[in-house]
There are 2 protein chains.
Amino acid sequence: MDAIPDRAALPRRGRLPRPTHAEALATRLAEAIVGGERPPGTALEELALAAEFGVSRTPVREALRQLAAMGLVEHRPRRGAVVARPDAARLHGMFLVMAELEAMAATLCAAAMPPRQRRALDLLHADMAEMVRASRLADYRAANVEFHARLYAGSGNAYLAEIAGATRQRLAPFRGAQLEAPERLQRSHAEHQEILTAIARGDGAAAAAAARRHLRLTEQAWEQLAAG
Amino acid sequence: MDAIPDRAALPRRGRLPRPTHAEALATRLAEAIVGGERPPGTALEELALAAEFGVSRTPVREALRQLAAMGLVEHRPRRGAVVARPDAARLHGMFLVMAELEAMAATLCAAAMPPRQRRALDLLHADMAEMVRASRLADYRAANVEFHARLYAGSGNAYLAEIAGATRQRLAPFRGAQLEAPERLQRSHAEHQEILTAIARGDGAAAAAAARRHLRLTEQAWEQLAAG
DNA sequence: GATGATTTGTACGTATGTATA
DNA sequence: ATATACATACGTACAAATCAT
């Protein structure tokens with residue numbers, strides 16, 4: 001019962017409702033899956049998870065169902081849950097959809113991104129240049145998530161931001177090592193630059209094209225890494 | 001050909017897993033929400049649902065969590081679940097995303113829809129003409145779901161089909177009466193025709209444009225109905 | 001293919017948090 | 001504001017299905 005740190009002990013400012021065990025678990029498991037700690041195909045056994053997190057099976061089951069609905073986990077009735085492992089065709093389809101969603105976000109950003117958000121994005125991009133120079137891979141990876149999240153948010157379309165983020169999350173277990181490919185860090189940053197430049201010009205079509213190119217190259221980098 | 005025996009009576013051959021109570025409930029509740037039987041804002045109380053469906057609260061809770069992850073339901077910790085009620089801005093965003101997803105599917109269909117599937121879609125479209133003529137609204141509504149599902153499937157991108165279908169489902173409670181607007185049935189069918197014609201020509205850009213137009217007009221019809 | 005062990009599915013009791021008078 | 005009623009969250013017990021032998 002105390003394996004999950006009790007947030008009630010912290011000064012609860014505002015009206016943030018304390019998450020339930022099920023929600024905390026869903027979050028932690030999602031992070032573990034996205035972070036590659038529980039790779040695709042890993043079995044998620046209720047009793048083992050319950051013991052690991054110091055809770056009963058009930059919240060574990062609810063967390064697993066939530067993750068299954070999110071697509072991070074596959075749940076076969078009476079046969080348990082495993083970390084989702086989409087086949088190559090499905091992965092490719094996910095990359096294509098991701099590219100379209102980012103293209104849409106980039107288009108909307110070019111048309112009407114709030115100046116404040118645009119400046120914040122530019123600033124983040126500048127910080128990332130420094131990370132590239134210093135080869136701070138872990139930092140870049142984290143900043144990259146932020147970069148794309150802000151791009152989605154800049155579209156002004158909350159639903160787009162939500163499903164683009166969800167799709168990105170579902171791809172994360174497979175994109176994990178992609179930035180380790182040689183020169184990939186620099187190229188990723190240059191691709192971001194192209195997107196931002198097009199947005200700054202207000203050129204929606206160019207921004208969309210740059211976003212699609214970025215995703216295509218990301219997928220290629222991953223494929224080459226997976227193949228080699 | 002023999003009559004197809006009732007699936008429930010068949011010995012469980014192959015692996016058609018019998019759905020659990022939680023899954024059956026999630027499906028039935030989703031249908032009730034999508035069908036407008038439980039309109040947005042309706043409270044979903046565990047005990048009441050358990051009594052209504054003759055099960056305990058456990059599967060009800062799991063179904064609600066699944067629906068919450070799917071976005072059909074909003075779940076506030078310790079405060080229960082209600083049928084999701086997105087505000088106007090979010091709804092508009094959902095329509096825009098839906099339009100892009102359909103445009104993407106239409107583009108892919110124009111490029112490489114399997115002939116067999118294309119013929120089936122054309123046939124369905126012809127059937128729908130008959131429904132329009134006879135003003136068979138309920139039939140058209142059902143066929144319309146099928147029409148769009150086949151369009152997504154024709155893209156050859158299973159992930160696209162999945163999230164497009166999910167988005168359509170989430171919009172359904174708000175699109176419910178839209179086909180009742182005067183002349184809407186004929187126009188809807190004509191818009192479908194434009195999409196199919198472009199696909200038949202292999203003109204992806206035109207198919208995408210037609211799909212976007214269709215969604216835009218759908219949203220407008222709904223807005224006018226909601227306003228009036 | 002049968003049998004025991006393991007694991008999932010369901011029911012229910014109780015504690016705790018939320019809403020309301 | 002305090003108390004009361006009520007709904008949710010979680011643990012536990014049992015039933016049923018799957019799997020390993």
# chains A, B, ... in the order shown; residues from 1 in each chain; ligands from 1
$ closest_atom_pairs --of "chain B" --to "chain D" --cutoff "12 Å" --atoms "only C-alpha atoms (C1' of nucleotides)" --output "tab-separated table"
residue	atom	partner	partner_atom	distance
B:Pro17	CA	D:DA17	C1'	10.9
B:Arg18	CA	D:DA17	C1'	10.9
B:Thr20	CA	D:DA17	C1'	11.5
B:Ala43	CA	D:DA7	C1'	11.8
B:Leu44	CA	D:DA7	C1'	11.0
B:Glu45	CA	D:DA7	C1'	8.0
B:Glu46	CA	D:DA7	C1'	8.2
B:Leu47	CA	D:DA7	C1'	8.6
B:Ala48	CA	D:DA7	C1'	10.8
B:Arg57	CA	D:DT8	C1'	10.5
B:Thr58	CA	D:DA9	C1'	11.0
B:Arg61	CA	D:DT8	C1'	9.7
B:His75	CA	D:DT8	C1'	11.2
B:Arg76	CA	D:DT8	C1'	10.2
B:Pro77	CA	D:DT8	C1'	8.0
B:Arg78	CA	D:DT8	C1'	5.0
B:Arg79	CA	D:DT8	C1'	6.9
B:Gly80	CA	D:DT8	C1'	6.9
B:Ala81	CA	D:DT8	C1'	10.1
$ calpha_fit_rmsd --fixed "chain B" --moving "chain A"
4.1 Å
$ residues_around --residues "range 82-95 of chain B" --least-positions-apart "6" --cutoff "8 Å" --atoms "only C-alpha atoms (C1' of nucleotides)" --output "PDB file with C-alpha atoms, in the first residue's frame"
ATOM      1  CA  ASN A 157      -6.099  21.841 -32.003  1.00  0.00           C
ATOM      2  CA  ALA A 158      -6.236  19.963 -28.708  1.00  0.00           C
ATOM      3  CA  TYR A 159      -7.576  16.785 -30.248  1.00  0.00           C
ATOM      4  CA  LEU A 160      -4.823  16.753 -32.846  1.00  0.00           C
TER       5      LEU A 160
ATOM      6  CA  ILE B  33     -23.274   6.407 -26.233  1.00  0.00           C
ATOM      7  CA  ARG B  38     -26.851   7.948 -23.341  1.00  0.00           C
ATOM      8  CA  PRO B  39     -26.203  11.521 -24.395  1.00  0.00           C
ATOM      9  CA  PRO B  40     -23.077  13.505 -23.456  1.00  0.00           C
ATOM     10  CA  GLY B  41     -23.058  14.507 -19.824  1.00  0.00           C
ATOM     11  CA  THR B  42     -24.978  11.455 -18.638  1.00  0.00           C
ATOM     12  CA  ALA B  43     -23.610  10.087 -15.376  1.00  0.00           C
ATOM     13  CA  LEU B  44     -22.519   6.479 -15.462  1.00  0.00           C
ATOM     14  CA  GLY B  71     -12.345   8.994 -25.006  1.00  0.00           C
ATOM     15  CA  LEU B  72     -16.045   8.205 -24.984  1.00  0.00           C
ATOM     16  CA  VAL B  73     -16.232   8.736 -21.248  1.00  0.00           C
ATOM     17  CA  GLU B  74     -14.664  11.186 -18.842  1.00  0.00           C
ATOM     18  CA  HIS B  75     -13.482   9.708 -15.599  1.00  0.00           C
ATOM     19  CA  THR B 167     -12.478   9.467 -34.158  1.00  0.00           C
ATOM     20  CA  LEU B 171     -17.974  12.304 -33.074  1.00  0.00           C
ATOM     21  CA  LEU B 215     -16.498  16.416 -43.719  1.00  0.00           C
ATOM     22  CA  ARG B 216     -16.747  20.189 -43.796  1.00  0.00           C
ATOM     23  CA  GLU B 219     -19.971  19.619 -39.768  1.00  0.00           C
TER      24      GLU B 219
END
$ select_by_dssp --residues "range 47-149 of chain A" --states "alpha helix (DSSP H)" --output "PyMOL selection string"
chain A and resi 47-53+57-70+88-112+115-133+137-149
$ interface_residues --of "chain C" --to "chain B" --cutoff "10 Å" --atoms "only C-alpha atoms (C1' of nucleotides)" --output "compact mmCIF listing (two decimals) with C-alpha atoms (C1' of nucleotides), in the first residue's frame"
# COMPACT_ATOMS: atom_id res chain seq x y z
C1' DG C 9 -12.58 -13.26 -14.43
C1' DT C 10 -16.17 -12.06 -11.12
C1' DA C 11 -18.40 -11.06 -6.75
C1' DC C 12 -18.53 -8.71 -2.60
C1' DT C 16 -12.13 6.48 2.23
C1' DG C 17 -13.21 10.33 -0.18
C1' DT C 18 -16.99 13.50 -2.17
C1' DA C 19 -21.32 15.77 -2.27
$ atom_distance --atom1 "CA of Leu196 in chain B" --atom2 "CA of Ala143 in chain B"
15.4 Å
$ atom_distance --atom1 "CA of Cys109 in chain B" --atom2 "CA of Glu100 in chain A"
15.5 Å
$ atom_distance --atom1 "CA of Ser188 in chain A" --atom2 "CA of Met128 in chain A"
10.2 Å
$ select_by_dssp --residues "range 17-209 of chain B" --states "strand (DSSP E or B)" --output "ChimeraX atom specification"
/B:43-44,73-76,80-83
$ write_last_selection --atoms "C-alpha atoms" --output "compact mmCIF listing (two decimals), in the first residue's frame"
# COMPACT_ATOMS: atom_id res chain seq x y z
CA ALA B 43 -23.61 10.09 -15.38
CA LEU B 44 -22.52 6.48 -15.46
CA VAL B 73 -16.23 8.74 -21.25
CA GLU B 74 -14.66 11.19 -18.84
CA HIS B 75 -13.48 9.71 -15.60
CA ARG B 76 -12.61 11.90 -12.62
CA GLY B 80 -17.36 8.93 -11.17
CA ALA B 81 -17.70 8.77 -14.91
CA VAL B 82 -19.86 10.75 -17.31
CA VAL B 83 -20.36 10.47 -21.06
$ closest_residue --among "B:Val97, B:Leu225, B:Leu185, B:Ala51" --to "chain A" --atoms "only C-alpha atoms"
B:Val97
$ decode --residues "range 128-224 of chain B" --atoms "C-alpha atoms" --output "PDB file, in the first residue's frame"
ATOM      1  CA  MET B 128     -27.230   3.793 -50.719  1.00  0.00           C
ATOM      2  CA  ALA B 129     -28.650   5.620 -53.730  1.00  0.00           C
ATOM      3  CA  GLU B 130     -31.740   3.482 -53.337  1.00  0.00           C
ATOM      4  CA  MET B 131     -31.944   4.357 -49.645  1.00  0.00           C
ATOM      5  CA  VAL B 132     -31.762   8.043 -50.498  1.00  0.00           C
ATOM      6  CA  ARG B 133     -34.542   7.712 -53.050  1.00  0.00           C
ATOM      7  CA  ALA B 134     -36.757   5.927 -50.557  1.00  0.00           C
ATOM      8  CA  SER B 135     -35.703   8.212 -47.685  1.00  0.00           C
ATOM      9  CA  ARG B 136     -34.722   5.198 -45.605  1.00  0.00           C
ATOM     10  CA  LEU B 137     -32.851   7.261 -43.069  1.00  0.00           C
ATOM     11  CA  ALA B 138     -31.971   4.551 -40.554  1.00  0.00           C
ATOM     12  CA  ASP B 139     -30.646   2.275 -43.267  1.00  0.00           C
ATOM     13  CA  TYR B 140     -28.615   5.084 -44.760  1.00  0.00           C
ATOM     14  CA  ARG B 141     -27.141   5.944 -41.409  1.00  0.00           C
ATOM     15  CA  ALA B 142     -25.997   2.367 -40.893  1.00  0.00           C
ATOM     16  CA  ALA B 143     -24.708   2.072 -44.446  1.00  0.00           C
ATOM     17  CA  ASN B 144     -22.861   5.339 -44.011  1.00  0.00           C
ATOM     18  CA  VAL B 145     -20.838   3.920 -41.143  1.00  0.00           C
ATOM     19  CA  GLU B 146     -20.026   0.954 -43.336  1.00  0.00           C
ATOM     20  CA  PHE B 147     -19.116   3.200 -46.259  1.00  0.00           C
ATOM     21  CA  HIS B 148     -16.556   5.133 -44.307  1.00  0.00           C
ATOM     22  CA  ALA B 149     -15.197   2.025 -42.626  1.00  0.00           C
ATOM     23  CA  ARG B 150     -14.561   0.489 -46.046  1.00  0.00           C
ATOM     24  CA  LEU B 151     -12.931   3.668 -47.246  1.00  0.00           C
ATOM     25  CA  TYR B 152     -10.515   3.474 -44.319  1.00  0.00           C
ATOM     26  CA  ALA B 153      -9.898  -0.216 -44.902  1.00  0.00           C
ATOM     27  CA  GLY B 154      -9.238   0.428 -48.577  1.00  0.00           C
ATOM     28  CA  SER B 155      -6.279   2.582 -47.627  1.00  0.00           C
ATOM     29  CA  GLY B 156      -4.407  -0.568 -46.670  1.00  0.00           C
ATOM     30  CA  ASN B 157      -3.307   1.164 -43.484  1.00  0.00           C
ATOM     31  CA  ALA B 158      -4.753  -0.666 -40.496  1.00  0.00           C
ATOM     32  CA  TYR B 159      -3.645   1.962 -38.015  1.00  0.00           C
ATOM     33  CA  LEU B 160      -5.231   4.727 -40.046  1.00  0.00           C
ATOM     34  CA  ALA B 161      -8.439   2.716 -40.238  1.00  0.00           C
ATOM     35  CA  GLU B 162      -8.358   2.254 -36.505  1.00  0.00           C
ATOM     36  CA  ILE B 163      -7.915   5.848 -35.423  1.00  0.00           C
ATOM     37  CA  ALA B 164     -10.170   7.207 -38.137  1.00  0.00           C
ATOM     38  CA  GLY B 165     -12.862   4.815 -36.962  1.00  0.00           C
ATOM     39  CA  ALA B 166     -12.271   5.775 -33.353  1.00  0.00           C
ATOM     40  CA  THR B 167     -12.478   9.467 -34.158  1.00  0.00           C
ATOM     41  CA  ARG B 168     -15.661   8.913 -36.126  1.00  0.00           C
ATOM     42  CA  GLN B 169     -17.092   7.005 -33.205  1.00  0.00           C
ATOM     43  CA  ARG B 170     -16.254   9.806 -30.808  1.00  0.00           C
ATOM     44  CA  LEU B 171     -17.974  12.304 -33.074  1.00  0.00           C
ATOM     45  CA  ALA B 172     -21.022  10.115 -33.574  1.00  0.00           C
ATOM     46  CA  PRO B 173     -22.986  11.355 -30.549  1.00  0.00           C
ATOM     47  CA  PHE B 174     -22.845  14.824 -32.059  1.00  0.00           C
ATOM     48  CA  ARG B 175     -23.457  13.922 -35.655  1.00  0.00           C
ATOM     49  CA  GLY B 176     -26.496  11.874 -34.804  1.00  0.00           C
ATOM     50  CA  ALA B 177     -29.263  14.024 -36.210  1.00  0.00           C
ATOM     51  CA  GLN B 178     -27.226  15.658 -38.936  1.00  0.00           C
ATOM     52  CA  LEU B 179     -28.613  13.474 -41.715  1.00  0.00           C
ATOM     53  CA  GLU B 180     -32.102  14.636 -40.849  1.00  0.00           C
ATOM     54  CA  ALA B 181     -31.365  18.109 -42.157  1.00  0.00           C
ATOM     55  CA  PRO B 182     -33.310  18.852 -45.320  1.00  0.00           C
ATOM     56  CA  GLU B 183     -31.662  17.579 -48.483  1.00  0.00           C
ATOM     57  CA  ARG B 184     -28.734  16.326 -46.440  1.00  0.00           C
ATOM     58  CA  LEU B 185     -29.232  12.739 -47.512  1.00  0.00           C
ATOM     59  CA  GLN B 186     -28.981  13.561 -51.204  1.00  0.00           C
ATOM     60  CA  ARG B 187     -26.017  15.829 -50.664  1.00  0.00           C
ATOM     61  CA  SER B 188     -24.190  13.294 -48.547  1.00  0.00           C
ATOM     62  CA  HIS B 189     -24.620  10.746 -51.289  1.00  0.00           C
ATOM     63  CA  ALA B 190     -23.445  13.193 -53.935  1.00  0.00           C
ATOM     64  CA  GLU B 191     -20.362  13.970 -51.868  1.00  0.00           C
ATOM     65  CA  HIS B 192     -19.623  10.270 -51.603  1.00  0.00           C
ATOM     66  CA  GLN B 193     -19.957  10.085 -55.353  1.00  0.00           C
ATOM     67  CA  GLU B 194     -17.301  12.740 -55.795  1.00  0.00           C
ATOM     68  CA  ILE B 195     -14.899  10.830 -53.579  1.00  0.00           C
ATOM     69  CA  LEU B 196     -15.494   7.586 -55.446  1.00  0.00           C
ATOM     70  CA  THR B 197     -15.160   9.216 -58.847  1.00  0.00           C
ATOM     71  CA  ALA B 198     -11.824  10.719 -57.904  1.00  0.00           C
ATOM     72  CA  ILE B 199     -10.657   7.358 -56.565  1.00  0.00           C
ATOM     73  CA  ALA B 200     -11.759   5.652 -59.781  1.00  0.00           C
ATOM     74  CA  ARG B 201      -9.695   8.155 -61.754  1.00  0.00           C
ATOM     75  CA  GLY B 202      -6.732   7.480 -59.493  1.00  0.00           C
ATOM     76  CA  ASP B 203      -6.702  11.164 -58.675  1.00  0.00           C
ATOM     77  CA  GLY B 204      -5.498  11.233 -55.080  1.00  0.00           C
ATOM     78  CA  ALA B 205      -5.511  14.997 -54.679  1.00  0.00           C
ATOM     79  CA  ALA B 206      -9.094  15.254 -55.907  1.00  0.00           C
ATOM     80  CA  ALA B 207     -10.168  12.380 -53.677  1.00  0.00           C
ATOM     81  CA  ALA B 208      -8.583  14.080 -50.672  1.00  0.00           C
ATOM     82  CA  ALA B 209     -10.234  17.372 -51.523  1.00  0.00           C
ATOM     83  CA  ALA B 210     -13.602  15.680 -51.909  1.00  0.00           C
ATOM     84  CA  ALA B 211     -13.188  13.944 -48.568  1.00  0.00           C
ATOM     85  CA  ARG B 212     -12.327  17.216 -46.834  1.00  0.00           C
ATOM     86  CA  ARG B 213     -15.323  18.894 -48.457  1.00  0.00           C
ATOM     87  CA  HIS B 214     -17.580  16.067 -47.323  1.00  0.00           C
ATOM     88  CA  LEU B 215     -16.498  16.416 -43.719  1.00  0.00           C
ATOM     89  CA  ARG B 216     -16.747  20.189 -43.796  1.00  0.00           C
ATOM     90  CA  LEU B 217     -20.291  20.018 -45.089  1.00  0.00           C
ATOM     91  CA  THR B 218     -21.148  17.344 -42.547  1.00  0.00           C
ATOM     92  CA  GLU B 219     -19.971  19.619 -39.768  1.00  0.00           C
ATOM     93  CA  GLN B 220     -21.911  22.536 -41.188  1.00  0.00           C
ATOM     94  CA  ALA B 221     -25.090  20.506 -41.411  1.00  0.00           C
ATOM     95  CA  TRP B 222     -24.684  19.552 -37.803  1.00  0.00           C
ATOM     96  CA  GLU B 223     -23.992  23.095 -36.692  1.00  0.00           C
ATOM     97  CA  GLN B 224     -27.039  24.428 -38.457  1.00  0.00           C
TER      98      GLN B 224
END
